[in-house]
Amino acid sequence: MLISQNCHEPLTFQFDMRILLVEDESDLGAAIKRTLKQQKYLVDWVMDGNDAWAYLENSSAQYTVAILDWMLPGFTGLELCKRLRLEGNSLPVLMLTARDSMEDKVTGLDAGADDYLVKPFGMAELLARLRALQRRYPHLQPQQLTVGNFTLDYSNSTVVGQNTTGEKQEISLTNKEFQLVEYFMKHPNQIVTTEQIRNQLWEVSAEPASNVVAAQVRLLRRKLACFDCANPIETLHGMGYRLNVTNESK
């Protein structure tokens, strides 16, 4: 039996991808970031190839797509792409450039880019290219993630949990709560630090309050209690948090 309760009205949102945007044209970069954030993507925007490489090497930020301008200060987008592939990194790359000759497109694709978008372009086309990358690489947008008594369904943006009586029910979560549950479910039975959670759920340039993670976990626990679900999130003082589950994710 599936019970649907509404402590709060659920928000509609898609599977949240973290994108590294590397674009040195300030107006274009701001427009792209604004468009992506409206679509609920998490975006780190840098304007320099050297900074971009530092972000890519930072293991605390797990990117799912990189949007690289070809011509950049420091490393060019082409050089960044080549470096990624030489290191065996398969991060999907969408290359942005004003170079529109067939030879330039071949050069970009041969360097390891997965797609190529010529400037000027419309934001609708950019979003369509990202959706195409998601279809091409199914791991970017799985249909479901099940860990313990919880299942995230990305196709309809719902979380199904098991309450204390064993009945399954849909749990309405905000976008950030969904991201937090997803992060815990991708690291079951592992200790994750406050810094790790902050780095993954907020943009690098953001400056959230020092207690933002603790506050978000507290809100999530209240939501689980509202739906009569047992709280599987353990606080390990001085260390971080752990999602305790008894069975493997599917």
# chains A, B, ... in the order shown; residues from 1 in each chain; ligands from 1
$ residues_around --residues "A:Arg222" --least-positions-apart "5" --cutoff "12 Å" --atoms "only C-alpha atoms" --output "ChimeraX atom specification"
/A:7-8,171,173,177,215-217,227-231,233
$ write_last_selection --atoms "N, CA, C and O atoms" --output "PDB file, in the first residue's frame"
ATOM      1  N   CYS A   7       2.783  16.950   4.345  1.00  0.00           N
ATOM      2  CA  CYS A   7       3.082  17.901   5.416  1.00  0.00           C
ATOM      3  C   CYS A   7       3.329  19.267   4.793  1.00  0.00           C
ATOM      4  O   CYS A   7       3.041  20.300   5.363  1.00  0.00           O
ATOM      5  N   HIS A   8       3.936  19.264   3.590  1.00  0.00           N
ATOM      6  CA  HIS A   8       4.141  20.473   2.809  1.00  0.00           C
ATOM      7  C   HIS A   8       3.930  20.074   1.358  1.00  0.00           C
ATOM      8  O   HIS A   8       4.143  18.931   0.973  1.00  0.00           O
ATOM      9  N   ILE A 171       7.207  10.799   0.111  1.00  0.00           N
ATOM     10  CA  ILE A 171       7.637  11.847   1.023  1.00  0.00           C
ATOM     11  C   ILE A 171       7.967  13.084   0.195  1.00  0.00           C
ATOM     12  O   ILE A 171       8.776  13.016  -0.733  1.00  0.00           O
ATOM     13  N   LEU A 173       9.756  16.472  -0.487  1.00  0.00           N
ATOM     14  CA  LEU A 173      10.980  17.126  -0.056  1.00  0.00           C
ATOM     15  C   LEU A 173      11.221  18.376  -0.884  1.00  0.00           C
ATOM     16  O   LEU A 173      10.832  18.461  -2.044  1.00  0.00           O
ATOM     17  N   GLU A 177      16.560  19.345   0.212  1.00  0.00           N
ATOM     18  CA  GLU A 177      16.384  18.110   0.983  1.00  0.00           C
ATOM     19  C   GLU A 177      16.574  16.891   0.086  1.00  0.00           C
ATOM     20  O   GLU A 177      17.190  15.907   0.494  1.00  0.00           O
ATOM     21  N   ALA A 215      21.676  22.647  10.016  1.00  0.00           N
ATOM     22  CA  ALA A 215      20.295  23.103   9.933  1.00  0.00           C
ATOM     23  C   ALA A 215      19.510  22.295   8.901  1.00  0.00           C
ATOM     24  O   ALA A 215      18.356  21.936   9.130  1.00  0.00           O
ATOM     25  N   GLN A 216      20.152  21.983   7.769  1.00  0.00           N
ATOM     26  CA  GLN A 216      19.476  21.222   6.721  1.00  0.00           C
ATOM     27  C   GLN A 216      19.200  19.795   7.176  1.00  0.00           C
ATOM     28  O   GLN A 216      18.134  19.239   6.899  1.00  0.00           O
ATOM     29  N   VAL A 217      20.144  19.189   7.878  1.00  0.00           N
ATOM     30  CA  VAL A 217      19.941  17.839   8.408  1.00  0.00           C
ATOM     31  C   VAL A 217      18.815  17.843   9.435  1.00  0.00           C
ATOM     32  O   VAL A 217      17.979  16.930   9.464  1.00  0.00           O
ATOM     33  N   PHE A 227       6.501  12.240   8.435  1.00  0.00           N
ATOM     34  CA  PHE A 227       5.959  11.129   7.663  1.00  0.00           C
ATOM     35  C   PHE A 227       6.073   9.802   8.407  1.00  0.00           C
ATOM     36  O   PHE A 227       5.921   8.739   7.812  1.00  0.00           O
ATOM     37  N   ASP A 228       6.411   9.873   9.699  1.00  0.00           N
ATOM     38  CA  ASP A 228       6.471   8.677  10.546  1.00  0.00           C
ATOM     39  C   ASP A 228       7.510   7.680  10.051  1.00  0.00           C
ATOM     40  O   ASP A 228       7.319   6.469  10.119  1.00  0.00           O
ATOM     41  N   CYS A 229       8.621   8.210   9.513  1.00  0.00           N
ATOM     42  CA  CYS A 229       9.718   7.346   9.068  1.00  0.00           C
ATOM     43  C   CYS A 229      10.832   7.350  10.102  1.00  0.00           C
ATOM     44  O   CYS A 229      11.153   8.387  10.685  1.00  0.00           O
ATOM     45  N   ALA A 230      11.409   6.179  10.331  1.00  0.00           N
ATOM     46  CA  ALA A 230      12.538   6.090  11.253  1.00  0.00           C
ATOM     47  C   ALA A 230      13.702   6.905  10.705  1.00  0.00           C
ATOM     48  O   ALA A 230      13.938   6.934   9.500  1.00  0.00           O
ATOM     49  N   ASN A 231      14.419   7.585  11.582  1.00  0.00           N
ATOM     50  CA  ASN A 231      15.534   8.438  11.149  1.00  0.00           C
ATOM     51  C   ASN A 231      16.810   7.608  11.033  1.00  0.00           C
ATOM     52  O   ASN A 231      17.336   7.122  12.030  1.00  0.00           O
ATOM     53  N   ILE A 233      19.742   8.750   9.863  1.00  0.00           N
ATOM     54  CA  ILE A 233      20.923   9.611   9.784  1.00  0.00           C
ATOM     55  C   ILE A 233      21.513   9.798  11.171  1.00  0.00           C
ATOM     56  O   ILE A 233      20.877  10.361  12.066  1.00  0.00           O
TER      57      ILE A 233
END
$ select_by_dssp --residues "stretch 21-224 of chain A" --states "strand (DSSP E)" --output "VMD selection string"
chain A and resid 21 to 22 42 to 46 65 to 69 93 to 97 115 to 118 144 to 147 150 to 153 158 to 162 168 to 171 191 to 192
$ write_last_selection --atoms "N, CA and C atoms" --output "compact mmCIF listing (two decimals), in the first residue's frame"
# COMPACT_ATOMS: atom_id res chain seq x y z
N LEU A 21 31.04 25.40 -15.46
CA LEU A 21 30.95 26.30 -16.61
C LEU A 21 32.22 27.13 -16.67
N VAL A 22 32.91 27.06 -17.81
CA VAL A 22 34.15 27.82 -18.00
C VAL A 22 33.95 28.74 -19.20
N LEU A 42 23.08 22.84 -10.57
CA LEU A 42 24.03 23.47 -9.67
C LEU A 42 25.26 23.84 -10.50
N VAL A 43 25.64 25.11 -10.50
CA VAL A 43 26.65 25.60 -11.45
C VAL A 43 27.79 26.29 -10.72
N ASP A 44 29.03 25.88 -11.04
CA ASP A 44 30.22 26.62 -10.64
C ASP A 44 30.77 27.27 -11.91
N TRP A 45 30.86 28.59 -11.91
CA TRP A 45 31.30 29.34 -13.10
C TRP A 45 32.66 29.97 -12.84
N VAL A 46 33.62 29.67 -13.69
CA VAL A 46 34.93 30.30 -13.64
C VAL A 46 35.25 30.88 -15.01
N VAL A 65 28.99 17.28 -15.66
CA VAL A 65 29.19 17.81 -17.01
C VAL A 65 30.08 19.05 -16.91
N ALA A 66 30.93 19.25 -17.91
CA ALA A 66 31.72 20.48 -18.02
C ALA A 66 31.33 21.18 -19.32
N ILE A 67 31.06 22.47 -19.23
CA ILE A 67 30.81 23.30 -20.41
C ILE A 67 32.03 24.21 -20.56
N LEU A 68 32.81 24.00 -21.62
CA LEU A 68 34.10 24.67 -21.77
C LEU A 68 34.10 25.58 -23.00
N ASP A 69 34.44 26.84 -22.80
CA ASP A 69 34.71 27.72 -23.93
C ASP A 69 36.07 27.34 -24.51
N VAL A 93 31.89 16.53 -21.83
CA VAL A 93 32.30 17.91 -22.12
C VAL A 93 31.50 18.46 -23.29
N LEU A 94 30.89 19.62 -23.08
CA LEU A 94 30.24 20.38 -24.14
C LEU A 94 31.13 21.57 -24.45
N MET A 95 31.65 21.66 -25.69
CA MET A 95 32.56 22.73 -26.07
C MET A 95 31.80 23.88 -26.69
N LEU A 96 32.08 25.11 -26.21
CA LEU A 96 31.49 26.32 -26.77
C LEU A 96 32.57 27.08 -27.54
N THR A 97 32.25 27.53 -28.74
CA THR A 97 33.24 28.25 -29.52
C THR A 97 32.61 28.99 -30.69
N ASP A 115 30.34 17.04 -27.33
CA ASP A 115 29.46 17.80 -28.19
C ASP A 115 30.08 19.17 -28.41
N TYR A 116 29.56 19.88 -29.41
CA TYR A 116 30.19 21.10 -29.90
C TYR A 116 29.08 22.09 -30.24
N LEU A 117 29.09 23.27 -29.60
CA LEU A 117 28.03 24.26 -29.81
C LEU A 117 28.67 25.56 -30.28
N VAL A 118 28.25 26.03 -31.45
CA VAL A 118 28.86 27.21 -32.08
C VAL A 118 28.15 28.48 -31.62
N GLN A 144 16.12 5.41 -10.91
CA GLN A 144 15.85 5.26 -9.48
C GLN A 144 17.13 4.97 -8.72
N LEU A 145 17.11 5.30 -7.46
CA LEU A 145 18.20 4.95 -6.54
C LEU A 145 17.54 4.43 -5.28
N THR A 146 17.84 3.18 -4.93
CA THR A 146 17.24 2.56 -3.74
C THR A 146 18.33 2.18 -2.75
N VAL A 147 18.18 2.65 -1.54
CA VAL A 147 19.10 2.31 -0.44
C VAL A 147 18.26 2.14 0.81
N PHE A 150 14.50 3.54 1.46
CA PHE A 150 14.19 4.73 0.69
C PHE A 150 14.51 4.53 -0.79
N THR A 151 13.64 5.06 -1.66
CA THR A 151 13.85 5.02 -3.10
C THR A 151 13.64 6.42 -3.67
N LEU A 152 14.66 6.93 -4.37
CA LEU A 152 14.51 8.18 -5.10
C LEU A 152 14.09 7.83 -6.52
N ASP A 153 13.02 8.43 -6.96
CA ASP A 153 12.55 8.22 -8.32
C ASP A 153 12.78 9.51 -9.09
N THR A 158 10.16 12.03 -6.86
CA THR A 158 9.55 11.64 -5.59
C THR A 158 10.52 10.79 -4.78
N VAL A 159 10.28 10.76 -3.49
CA VAL A 159 11.02 9.89 -2.58
C VAL A 159 10.00 8.99 -1.90
N VAL A 160 10.20 7.71 -1.99
CA VAL A 160 9.32 6.75 -1.34
C VAL A 160 10.05 6.14 -0.16
N GLY A 161 9.46 6.24 1.00
CA GLY A 161 10.06 5.69 2.20
C GLY A 161 9.11 4.73 2.89
N GLN A 162 9.65 3.98 3.82
CA GLN A 162 8.85 3.03 4.58
C GLN A 162 8.66 3.56 5.99
N LYS A 168 4.64 1.79 2.69
CA LYS A 168 5.40 2.69 1.84
C LYS A 168 4.59 3.93 1.55
N GLN A 169 5.28 5.07 1.49
CA GLN A 169 4.58 6.33 1.27
C GLN A 169 5.51 7.30 0.56
N GLU A 170 4.90 8.19 -0.22
CA GLU A 170 5.66 9.24 -0.88
C GLU A 170 5.97 10.34 0.12
N ILE A 171 7.21 10.80 0.11
CA ILE A 171 7.64 11.85 1.02
C ILE A 171 7.97 13.08 0.20
N ILE A 191 30.98 7.72 6.72
CA ILE A 191 30.99 9.00 7.41
C ILE A 191 31.27 10.09 6.38
N VAL A 192 30.36 11.05 6.28
CA VAL A 192 30.57 12.20 5.41
C VAL A 192 30.66 13.44 6.28
$ select_by_dssp --residues "stretch 13-250 of chain A" --states "alpha helix (DSSP H)" --output "VMD selection string"
chain A and resid 26 to 38 49 to 57 77 to 86 102 to 110 123 to 136 175 to 185 194 to 201 212 to 226
$ closest_residue --among "A:Gly122, A:Pro92, A:Gly108, A:Gly49" --to "A:Leu78" --atoms "only C-alpha atoms"
A:Gly108
$ atom_distance --atom1 "atom CA of A:Ile19" --atom2 "atom CA of A:Leu224"
29.4 Å
$ atom_distance --atom1 "atom CA of A:Leu180" --atom2 "atom CA of A:Cys226"
17.2 Å
$ residues_around --residues "A:Met47" --least-positions-apart "4" --cutoff "9 Å" --atoms "only C-alpha atoms" --output "ChimeraX atom specification"
/A:21-26,29,51-52,72-73
$ closest_residue --among "A:Lys186, A:Arg198, A:Arg99, A:Lys33" --to "A:Met123" --atoms "only C-alpha atoms"
A:Lys33
$ closest_residue --among "A:Leu80, A:Leu243, A:Ala132, A:Met17" --to "A:Gln179" --atoms "only C-alpha atoms"
A:Met17
$ residues_around --residues "A:Val213" --least-positions-apart "4" --cutoff "12 Å" --atoms "only C-alpha atoms" --output "ChimeraX atom specification"
/A:176-177,179-180,192-202,208-209,217-220,235,240-241
$ residues_around --residues "A:Gln190" --least-positions-apart "2" --cutoff "6 Å" --atoms "only C-alpha atoms" --output "list in words"
His187, Pro188 and Arg242 of chain A
$ atom_distance --atom1 "atom CA of A:Thr174" --atom2 "atom CA of A:Asn211"
18.4 Å
$ decode --residues "stretch 181-192 of chain A" --atoms "all heavy atoms" --output "tab-separated table (two decimals), in the first residue's frame"
chain	number	residue	atom	x	y	z
A	181	VAL	N	19.34	13.98	0.72
A	181	VAL	CA	19.02	12.55	0.80
A	181	VAL	C	19.81	11.79	-0.26
A	181	VAL	O	20.37	10.72	0.00
A	181	VAL	CB	17.51	12.33	0.61
A	181	VAL	CG1	17.22	10.85	0.46
A	181	VAL	CG2	16.75	12.89	1.80
A	182	GLU	N	19.87	12.33	-1.47
A	182	GLU	CA	20.59	11.66	-2.55
A	182	GLU	C	22.07	11.49	-2.19
A	182	GLU	O	22.65	10.43	-2.40
A	182	GLU	CB	20.46	12.47	-3.84
A	182	GLU	CG	21.21	11.86	-5.02
A	182	GLU	CD	21.26	12.79	-6.20
A	182	GLU	OE1	21.37	14.02	-6.00
A	182	GLU	OE2	21.22	12.31	-7.34
A	183	TYR	N	22.67	12.54	-1.63
A	183	TYR	CA	24.10	12.46	-1.28
A	183	TYR	C	24.34	11.39	-0.22
A	183	TYR	O	25.27	10.59	-0.32
A	183	TYR	CB	24.59	13.82	-0.78
A	183	TYR	CG	26.09	13.87	-0.61
A	183	TYR	CD1	26.93	13.92	-1.72
A	183	TYR	CD2	26.67	13.87	0.65
A	183	TYR	CE1	28.32	13.97	-1.57
A	183	TYR	CE2	28.04	13.91	0.81
A	183	TYR	CZ	28.86	13.96	-0.31
A	183	TYR	OH	30.23	13.98	-0.16
A	184	PHE	N	23.48	11.35	0.79
A	184	PHE	CA	23.61	10.31	1.82
A	184	PHE	C	23.43	8.92	1.20
A	184	PHE	O	24.18	7.99	1.52
A	184	PHE	CB	22.58	10.51	2.93
A	184	PHE	CG	22.96	11.52	3.96
A	184	PHE	CD1	22.09	12.55	4.32
A	184	PHE	CD2	24.18	11.46	4.61
A	184	PHE	CE1	22.44	13.48	5.28
A	184	PHE	CE2	24.55	12.38	5.57
A	184	PHE	CZ	23.68	13.40	5.90
A	185	MET	N	22.45	8.79	0.30
A	185	MET	CA	22.18	7.47	-0.29
A	185	MET	C	23.29	7.01	-1.22
A	185	MET	O	23.46	5.81	-1.43
A	185	MET	CB	20.84	7.51	-1.02
A	185	MET	CG	19.64	7.61	-0.08
A	185	MET	SD	18.05	7.77	-0.94
A	185	MET	CE	17.93	6.15	-1.73
A	186	LYS	N	24.05	7.95	-1.77
A	186	LYS	CA	25.19	7.57	-2.61
A	186	LYS	C	26.41	7.23	-1.77
A	186	LYS	O	27.42	6.74	-2.29
A	186	LYS	CB	25.52	8.71	-3.58
A	186	LYS	CG	24.51	8.84	-4.72
A	186	LYS	CD	24.93	9.91	-5.71
A	186	LYS	CE	23.99	9.94	-6.90
A	186	LYS	NZ	24.36	10.98	-7.89
A	187	HIS	N	26.33	7.47	-0.46
A	187	HIS	CA	27.43	7.14	0.45
A	187	HIS	C	26.89	6.41	1.67
A	187	HIS	O	27.09	6.84	2.82
A	187	HIS	CB	28.17	8.41	0.87
A	187	HIS	CG	28.73	9.20	-0.27
A	187	HIS	ND1	27.98	10.09	-1.01
A	187	HIS	CD2	29.98	9.21	-0.81
A	187	HIS	CE1	28.75	10.62	-1.94
A	187	HIS	NE2	29.94	10.11	-1.86
A	188	PRO	N	26.18	5.29	1.48
A	188	PRO	CA	25.58	4.59	2.62
A	188	PRO	C	26.63	4.02	3.57
A	188	PRO	O	27.68	3.55	3.13
A	188	PRO	CB	24.77	3.47	1.95
A	188	PRO	CG	25.47	3.22	0.65
A	188	PRO	CD	25.97	4.57	0.21
A	189	ASN	N	26.33	4.10	4.85
A	189	ASN	CA	27.20	3.55	5.89
A	189	ASN	C	28.59	4.18	5.90
A	189	ASN	O	29.53	3.62	6.48
A	189	ASN	CB	27.33	2.03	5.77
A	189	ASN	CG	25.99	1.34	5.95
A	189	ASN	OD1	25.22	1.69	6.83
A	189	ASN	ND2	25.71	0.35	5.10
A	190	GLN	N	28.74	5.34	5.27
A	190	GLN	CA	30.02	6.05	5.25
A	190	GLN	C	29.90	7.33	6.06
A	190	GLN	O	28.85	7.97	6.06
A	190	GLN	CB	30.44	6.40	3.82
A	190	GLN	CG	30.64	5.22	2.90
A	190	GLN	CD	30.98	5.65	1.50
A	190	GLN	OE1	31.55	6.72	1.27
A	190	GLN	NE2	30.62	4.84	0.52
A	191	ILE	N	30.98	7.72	6.72
A	191	ILE	CA	30.99	9.00	7.41
A	191	ILE	C	31.27	10.09	6.38
A	191	ILE	O	32.26	10.04	5.66
A	191	ILE	CB	32.07	9.03	8.51
A	191	ILE	CG1	31.77	7.97	9.57
A	191	ILE	CG2	32.15	10.42	9.14
A	191	ILE	CD1	32.86	7.84	10.63
A	192	VAL	N	30.36	11.05	6.28
A	192	VAL	CA	30.57	12.20	5.41
A	192	VAL	C	30.66	13.44	6.28
A	192	VAL	O	29.87	13.62	7.21
A	192	VAL	CB	29.45	12.34	4.36
A	192	VAL	CG1	29.50	11.21	3.38
A	192	VAL	CG2	28.08	12.39	5.01
